[in-house]
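J.: What follows is run.txt; its format and atoms are compact mmCIF, C-alpha atoms.
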```
# COMPACT_ATOMS: atom_id res chain seq x y z
CA MET K 751 -19.48 -23.15 -25.96
CA ASN K 752 -16.05 -24.27 -25.01
CA PRO K 753 -13.49 -21.90 -26.59
CA LEU K 754 -11.32 -24.79 -27.80
CA ALA K 755 -14.27 -26.45 -29.51
CA GLY K 756 -15.27 -23.08 -30.99
CA CYS K 757 -11.80 -22.56 -32.43
CA LEU K 758 -11.81 -26.07 -33.86
CA LEU K 759 -15.21 -25.50 -35.46
CA VAL K 760 -14.04 -22.21 -37.00
CA SER K 761 -10.98 -24.03 -38.28
CA ALA K 762 -13.12 -26.82 -39.75
CA LEU K 763 -15.28 -24.22 -41.47
CA LEU K 764 -12.21 -22.49 -42.91
CA PHE K 765 -10.87 -25.79 -44.15
CA SER K 766 -14.18 -26.67 -45.80
CA VAL K 767 -14.46 -23.29 -47.50
CA GLY K 768 -10.89 -23.60 -48.77
CA LEU K 769 -11.54 -27.13 -49.97
CA ALA K 770 -14.70 -26.06 -51.78
CA GLY K 771 -12.82 -23.20 -53.42
CA ALA K 772 -9.92 -25.40 -54.47
CA LEU K 773 -12.27 -28.03 -55.88
CA THR K 774 -14.87 -25.89 -57.63
CA ARG K 775 -13.22 -22.70 -58.87
CA ARG K 776 -11.50 -22.81 -62.23
CA SER K 777 -9.13 -19.89 -61.85
CA ALA K 778 -5.69 -21.11 -60.80
CA ILE K 779 -5.24 -18.10 -58.52
CA LEU K 780 -8.37 -18.98 -56.58
CA VAL K 781 -7.29 -22.59 -56.31
CA LEU K 782 -4.11 -21.31 -54.69
CA ALA K 783 -6.17 -19.06 -52.40
CA GLY K 784 -8.21 -22.07 -51.32
CA ILE K 785 -5.03 -23.94 -50.47
CA GLU K 786 -3.87 -20.95 -48.41
CA LEU K 787 -7.17 -21.00 -46.52
CA MET K 788 -6.72 -24.69 -45.70
CA LEU K 789 -3.20 -24.00 -44.47
CA ASN K 790 -4.57 -21.24 -42.25
CA ALA K 791 -7.10 -23.64 -40.79
CA ALA K 792 -4.23 -25.91 -39.75
CA ASN K 793 -2.44 -22.93 -38.19
CA LEU K 794 -5.55 -22.01 -36.23
CA ASN K 795 -5.70 -25.56 -34.90
CA PHE K 796 -2.08 -25.35 -33.79
CA ILE K 797 -2.69 -22.07 -31.98
CA ALA K 798 -5.89 -23.32 -30.34
CA PHE K 799 -4.26 -26.48 -29.04
CA TRP K 800 -1.21 -24.51 -27.92
CA ARG K 801 -3.45 -22.17 -25.94
CA TYR K 802 -6.04 -24.59 -24.56
CA GLY K 803 -4.36 -27.97 -24.77
CA THR K 804 -3.26 -29.96 -21.76
CA HIS K 805 0.38 -30.14 -22.83
CA ILE K 806 1.45 -27.24 -20.64
CA HIS K 807 1.55 -29.41 -17.57
CA SER K 808 3.46 -32.17 -19.32
CA ALA K 809 7.18 -32.42 -19.88
CA ALA K 810 7.01 -31.37 -23.53
CA ASP K 811 8.26 -28.00 -24.67
CA PRO K 812 5.34 -25.60 -24.13
CA MET K 813 6.31 -23.45 -27.12
CA THR K 814 6.11 -26.16 -29.77
CA GLY K 815 2.72 -25.20 -31.21
CA LEU K 816 3.59 -21.55 -31.55
CA ILE K 817 6.98 -22.22 -33.14
CA PHE K 818 5.33 -24.61 -35.58
CA VAL K 819 2.85 -21.91 -36.60
CA ILE K 820 5.66 -19.43 -37.23
CA PHE K 821 7.53 -21.89 -39.43
CA SER K 822 4.30 -22.80 -41.17
CA ILE K 823 3.65 -19.15 -41.99
CA ALA K 824 7.15 -18.87 -43.48
CA VAL K 825 6.60 -21.99 -45.57
CA ALA K 826 3.24 -20.62 -46.71
CA ALA K 827 4.90 -17.39 -47.85
CA ALA K 828 7.46 -19.31 -49.91
CA GLU K 829 4.75 -21.55 -51.33
CA ALA K 830 2.60 -18.61 -52.35
CA ALA K 831 5.51 -16.84 -54.05
CA VAL K 832 6.53 -19.92 -56.04
CA GLY K 833 2.93 -20.83 -56.83
CA LEU K 834 2.07 -17.40 -58.17
CA ALA K 835 5.29 -17.33 -60.22
CA LEU K 836 4.29 -20.71 -61.67
CA ILE K 837 0.83 -19.35 -62.50
CA LEU K 838 2.45 -16.39 -64.25
CA ALA K 839 4.77 -18.67 -66.23
CA ILE K 840 1.87 -20.92 -67.23
CA TYR K 841 -0.19 -17.89 -68.19
CA ARG K 842 2.62 -16.59 -70.36
CA HIS K 843 2.92 -19.99 -71.98
CA ALA K 844 -0.75 -20.93 -72.42
CA ARG K 845 -2.40 -17.46 -72.28
CA THR K 846 -4.91 -18.67 -69.71
CA SER K 847 -5.17 -19.07 -65.95
CA ASP K 848 -8.14 -21.42 -66.19
CA VAL K 849 -7.17 -24.80 -64.83
CA SER K 850 -9.85 -26.60 -66.88
CA GLU K 851 -8.23 -25.40 -70.11
CA MET K 852 -4.77 -26.68 -69.28
CA THR K 853 -5.22 -30.06 -70.91
CA GLU K 854 -1.90 -30.43 -72.71
CA LEU K 855 -0.85 -33.39 -70.61
CA GLN K 856 -4.20 -35.13 -70.92
CA GLY K 857 -3.79 -38.59 -72.43
CA MET A 1396 -15.09 -18.20 -52.68
CA THR A 1397 -18.45 -17.85 -54.38
CA LEU A 1398 -17.92 -14.31 -55.66
CA ARG A 1399 -17.67 -13.97 -59.40
CA ARG A 1400 -14.96 -11.39 -59.85
CA LEU A 1401 -11.44 -12.38 -58.89
CA VAL A 1402 -10.64 -9.05 -57.29
CA HIS A 1403 -13.60 -9.33 -54.94
CA CYS A 1404 -12.42 -12.81 -54.01
CA ALA A 1405 -8.97 -11.43 -53.20
CA LEU A 1406 -10.48 -8.71 -51.03
CA ALA A 1407 -12.63 -11.22 -49.16
CA LEU A 1408 -9.56 -13.40 -48.67
CA THR A 1409 -7.68 -10.43 -47.18
CA VAL A 1410 -10.54 -9.76 -44.77
CA ALA A 1411 -10.53 -13.44 -43.77
CA PHE A 1412 -6.77 -13.34 -43.11
CA ALA A 1413 -7.14 -10.19 -41.02
CA GLY A 1414 -9.90 -11.84 -39.03
CA LEU A 1415 -7.67 -14.84 -38.42
CA ALA A 1416 -4.91 -12.54 -37.21
CA ALA A 1417 -7.38 -10.96 -34.77
CA LEU A 1418 -8.31 -14.45 -33.59
CA TYR A 1419 -4.64 -15.30 -32.99
CA LEU A 1420 -4.20 -12.09 -30.99
CA ASN A 1421 -7.32 -12.97 -29.02
CA LEU A 1422 -5.89 -16.39 -28.23
CA GLY A 1423 -2.76 -14.86 -26.71
CA ALA A 1424 -0.38 -15.58 -29.57
CA GLU A 1425 0.81 -12.04 -30.23
CA PHE A 1426 3.81 -12.97 -32.32
CA ALA A 1427 1.91 -15.36 -34.56
CA GLY A 1428 -0.91 -12.84 -34.97
CA LEU A 1429 1.42 -10.05 -35.99
CA ALA A 1430 3.36 -12.37 -38.31
CA GLN A 1431 0.07 -13.42 -39.86
CA LEU A 1432 -0.88 -9.80 -40.35
CA LEU A 1433 2.46 -8.95 -41.96
CA VAL A 1434 2.84 -12.03 -44.13
CA TYR A 1435 -0.72 -12.73 -45.22
CA VAL A 1436 -2.42 -9.35 -45.26
CA GLY A 1437 0.75 -7.52 -46.24
CA ALA A 1438 2.48 -9.82 -48.66
CA ILE A 1439 0.33 -12.66 -49.94
CA ALA A 1440 -2.73 -10.49 -50.59
CA ILE A 1441 -0.57 -8.09 -52.61
CA LEU A 1442 0.98 -11.02 -54.48
CA ILE A 1443 -2.47 -12.37 -55.34
CA VAL A 1444 -3.66 -8.97 -56.53
CA PHE A 1445 -0.55 -8.64 -58.68
CA ALA A 1446 -1.10 -12.11 -60.13
CA ILE A 1447 -4.71 -11.20 -60.97
CA LEU A 1448 -3.46 -8.01 -62.59
CA LEU A 1449 -0.76 -9.74 -64.63
CA THR A 1450 -2.99 -12.56 -65.82
CA ARG A 1451 -5.85 -10.18 -66.63
CA GLY A 1452 -8.19 -12.44 -64.72
CA GLY A 1453 -10.16 -9.54 -63.32
CA GLU A 1454 -11.89 -8.79 -66.57
CA GLY A 1455 -15.43 -10.06 -66.74
CA GLY A 1456 -14.98 -12.85 -64.28
CA GLU A 1457 -15.91 -16.42 -64.96
CA GLU A 1458 -19.48 -17.26 -65.76
CA ARG A 1459 -21.57 -18.95 -63.15
CA SER A 1460 -21.79 -22.64 -63.89
CA PHE A 1461 -23.34 -25.46 -61.92
CA SER A 1462 -21.46 -28.27 -63.52
CA PRO A 1463 -21.50 -31.72 -61.95
CA ALA A 1464 -17.86 -31.26 -60.98
CA SER A 1465 -18.53 -28.11 -58.96
CA LEU A 1466 -21.56 -29.68 -57.31
CA ALA A 1467 -19.46 -32.70 -56.38
CA GLY A 1468 -16.75 -30.42 -54.99
CA THR A 1469 -19.26 -28.56 -52.84
CA ALA A 1470 -20.73 -31.82 -51.61
CA ILE A 1471 -17.28 -33.15 -50.72
CA ALA A 1472 -16.47 -29.96 -48.81
CA LEU A 1473 -19.77 -30.13 -46.93
CA ALA A 1474 -19.15 -33.77 -46.06
CA VAL A 1475 -15.67 -32.94 -44.80
CA PHE A 1476 -17.09 -30.16 -42.63
CA ALA A 1477 -19.77 -32.47 -41.26
CA VAL A 1478 -17.21 -35.11 -40.34
CA LEU A 1479 -14.87 -32.56 -38.75
CA ALA A 1480 -17.68 -30.95 -36.75
CA TRP A 1481 -18.90 -34.35 -35.60
CA ALA A 1482 -15.37 -35.29 -34.54
CA VAL A 1483 -14.95 -32.03 -32.62
CA GLU A 1484 -18.28 -32.38 -30.87
CA THR A 1485 -17.78 -35.98 -29.79
CA SER A 1486 -14.10 -35.96 -28.86
CA GLY A 1487 -13.06 -35.60 -25.26
CA VAL A 1488 -9.92 -33.68 -26.14
CA ALA A 1489 -11.89 -30.71 -27.40
CA HIS A 1490 -13.82 -30.40 -24.13
CA PRO A 1491 -11.29 -30.28 -21.31
CA ALA A 1492 -12.57 -29.96 -17.78
CA ALA A 1493 -10.48 -26.92 -16.87
CA LEU A 1494 -8.90 -24.35 -19.15
CA PRO A 1495 -5.25 -23.55 -18.52
CA PRO A 1496 -4.33 -19.99 -17.60
CA THR A 1497 -3.20 -17.48 -20.17
CA PRO A 1498 0.48 -17.92 -21.01
CA GLU A 1499 2.55 -14.90 -20.12
CA ASN A 1500 5.60 -13.28 -21.59
CA THR A 1501 5.51 -15.44 -24.69
CA MET A 1502 7.51 -13.04 -26.84
CA ARG A 1503 10.65 -13.60 -24.76
CA GLU A 1504 10.12 -17.35 -24.73
CA ILE A 1505 9.73 -17.38 -28.51
CA GLY A 1506 13.02 -15.58 -28.92
CA LEU A 1507 14.79 -17.95 -26.56
CA ALA A 1508 13.28 -21.03 -28.20
CA LEU A 1509 14.17 -19.80 -31.68
CA MET A 1510 17.74 -19.08 -30.67
CA GLN A 1511 18.38 -22.17 -28.58
CA ARG A 1512 16.32 -25.20 -29.38
CA TYR A 1513 15.13 -24.34 -32.89
CA VAL A 1514 18.25 -22.81 -34.38
CA LEU A 1515 18.65 -25.46 -37.06
CA PRO A 1516 15.02 -25.21 -38.32
CA LEU A 1517 15.42 -21.44 -38.36
CA GLU A 1518 18.49 -21.67 -40.59
CA VAL A 1519 16.78 -24.21 -42.83
CA ILE A 1520 13.73 -21.99 -43.21
CA ALA A 1521 15.94 -19.00 -44.05
CA LEU A 1522 17.71 -21.03 -46.73
CA MET A 1523 14.38 -22.25 -48.07
CA LEU A 1524 12.97 -18.73 -48.27
CA THR A 1525 16.03 -17.60 -50.19
CA ALA A 1526 15.76 -20.53 -52.57
CA ALA A 1527 12.03 -19.92 -53.06
CA MET A 1528 12.63 -16.25 -53.80
CA ILE A 1529 15.32 -17.02 -56.38
CA GLY A 1530 13.13 -19.70 -57.92
CA ALA A 1531 10.13 -17.38 -58.09
CA VAL A 1532 12.15 -14.64 -59.78
CA ILE A 1533 13.62 -17.06 -62.31
CA LEU A 1534 10.20 -18.60 -63.02
CA ALA A 1535 8.55 -15.24 -63.48
CA LEU A 1536 11.29 -13.90 -65.73
CA ARG A 1537 11.80 -16.94 -67.93
CA GLU A 1538 10.79 -17.00 -71.63
CA LYS A 1539 11.05 -13.25 -71.93
CA ARG A 1540 14.65 -12.73 -72.91
CA SER A 1541 17.11 -15.45 -72.15
CA PRO A 1542 19.99 -13.12 -71.11
CA MET A 1543 17.69 -11.83 -68.37
CA VAL A 1544 17.85 -15.17 -66.58
CA ASP A 1545 21.50 -14.75 -65.66
CA GLY A 1546 20.95 -11.21 -64.48
CA ALA A 1547 17.97 -12.26 -62.38
CA ALA A 1548 19.88 -15.10 -60.79
CA ALA A 1549 22.79 -12.82 -60.01
CA GLU A 1550 20.79 -10.07 -58.38
CA SER A 1551 18.07 -12.05 -56.66
CA PRO A 1552 20.01 -12.80 -53.42
CA GLY A 1553 19.87 -9.07 -52.78
CA LEU A 1554 16.13 -9.09 -53.37
CA SER A 1555 15.53 -12.03 -51.12
CA GLY A 1556 16.93 -10.41 -48.01
CA ARG A 1557 13.64 -8.84 -47.09
```
The structure given in the file should be rewritten as structure tokens.
T.:
Amino acid sequence: MNPLAGCLLVSALLFSVGLAGALTRRSAILVLAGIELMLNAANLNFIAFWRYGTHIHSAADPMTGLIFVIFSIAVAAAEAAVGLALILAIYRHARTSDVSEMTELQG
Amino acid sequence: MTLRRLVHCALALTVAFAGLAALYLNLGAEFAGLAQLLVYVGAIAILIVFAILLTRGGEGGEERSFSPASLAGTAIALAVFAVLAWAVETSGVAHPAALPPTPENTMREIGLALMQRYVLPLEVIALMLTAAMIGAVILALREKRSPMVDGAAAESPGLSGR
């Protein structure tokens, strides 16, 4: 199999697993983990296209994909820190980390 | 994602992140692979384990339930994977005729690009990391004792310089 197509398939699988986790699990921490997995799938796509794409021969900056992945990793770190702090605050407030029990705003 | 206990899920997630880092290294992106290893395996996995510990989610685990919502979620994820796989298999972009050669000396080019063309995004991301760290500390310390909030806000810039 073509390595680019293989990377894209692995990335699609990662995204689907993350999506399934974010949609089906009821623990807020695992929902966040699923979101992280989906973000990683996007990063893998960036790396794969940076490595195997046809942009290298064009006039665009050849480092764009890699730089984007580095910034994306930094954003993911910030997002995980804030998300887990939010989960802790909600847990302290509602004594649960189960997203199906957080129904205070339900109309 | 299908394991019952949260701690096992966190361990599986760490293994998945490490595998991704190995894949990045295999693809020739040394810097991204090592950053992935440091940030995800080193920091985010620890954060998740700490969150599980502090929310006491590791006890017992959630019971297995095949509710209509979880079945629908699984079906949606499977459909998304089917569409993505079909798109990859049928697109011409994913099957180039010739593969480009391995890029060389990328570490030096990353440094040059970060210092020349991408200086402004670098500064913005540093500012955002600092703000996120302060926000996380304030969020995690709130509702305990209100005088602690001022102390946390005053000392968190020192913490965020990791």
J.: Identify every residue of chain A that has at least one atom within 6 Å of any atom of chain K, counting all atoms listed in the file, and report the result as a VMD selection string.
T.: chain A and resid 1396 1465 1468 to 1469 1472 1476 1489 1524 1527 1531 1534 to 1535
J.: Rounded to one decimal, what separation in Å do you get between atom CA of Leu1517 of chain A and atom CA of Asn795 of chain K?
T.: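 Straight-line distance from atom CA of Leu1517 of chain A to atom CA of Asn795 of chain K works out to 21.8 Å.
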J.: Within 10 Å of Val1434 of chain A, counting all atoms listed in the file, which residues show up once you throw out same-chain ones fewer than 3 positions away? Write them as a PyMOL selection string, please.
T.: (chain K and resi 823-824+826-827) or (chain A and resi 1412+1428-1431+1437-1441)
J.: Axis-aligned box over every listed atom of segment 759-762 of chain K, padded by 8 Å per side: centre and edges in Å to one decimal, as AutoDock Vina command-line options?
T.:
```
--center_x -13.1 --center_y -24.5 --center_z -37.6 --size_x 20.2 --size_y 20.6 --size_z 20.3
```
J.: To one decimal place in Å, what is the distance between atom CA of Val1478 of chain A and atom CA of Met788 of chain K?
T.: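 Going from atom CA of Val1478 of chain A over to atom CA of Met788 of chain K, I get 15.7 Å.
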J.: Using Å and a single decimal, report how far atom CA of Leu1442 of chain A sits from atom CA of Gly1530 of chain A.
T.: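 Between these atoms lies a distance of 15.3 Å.
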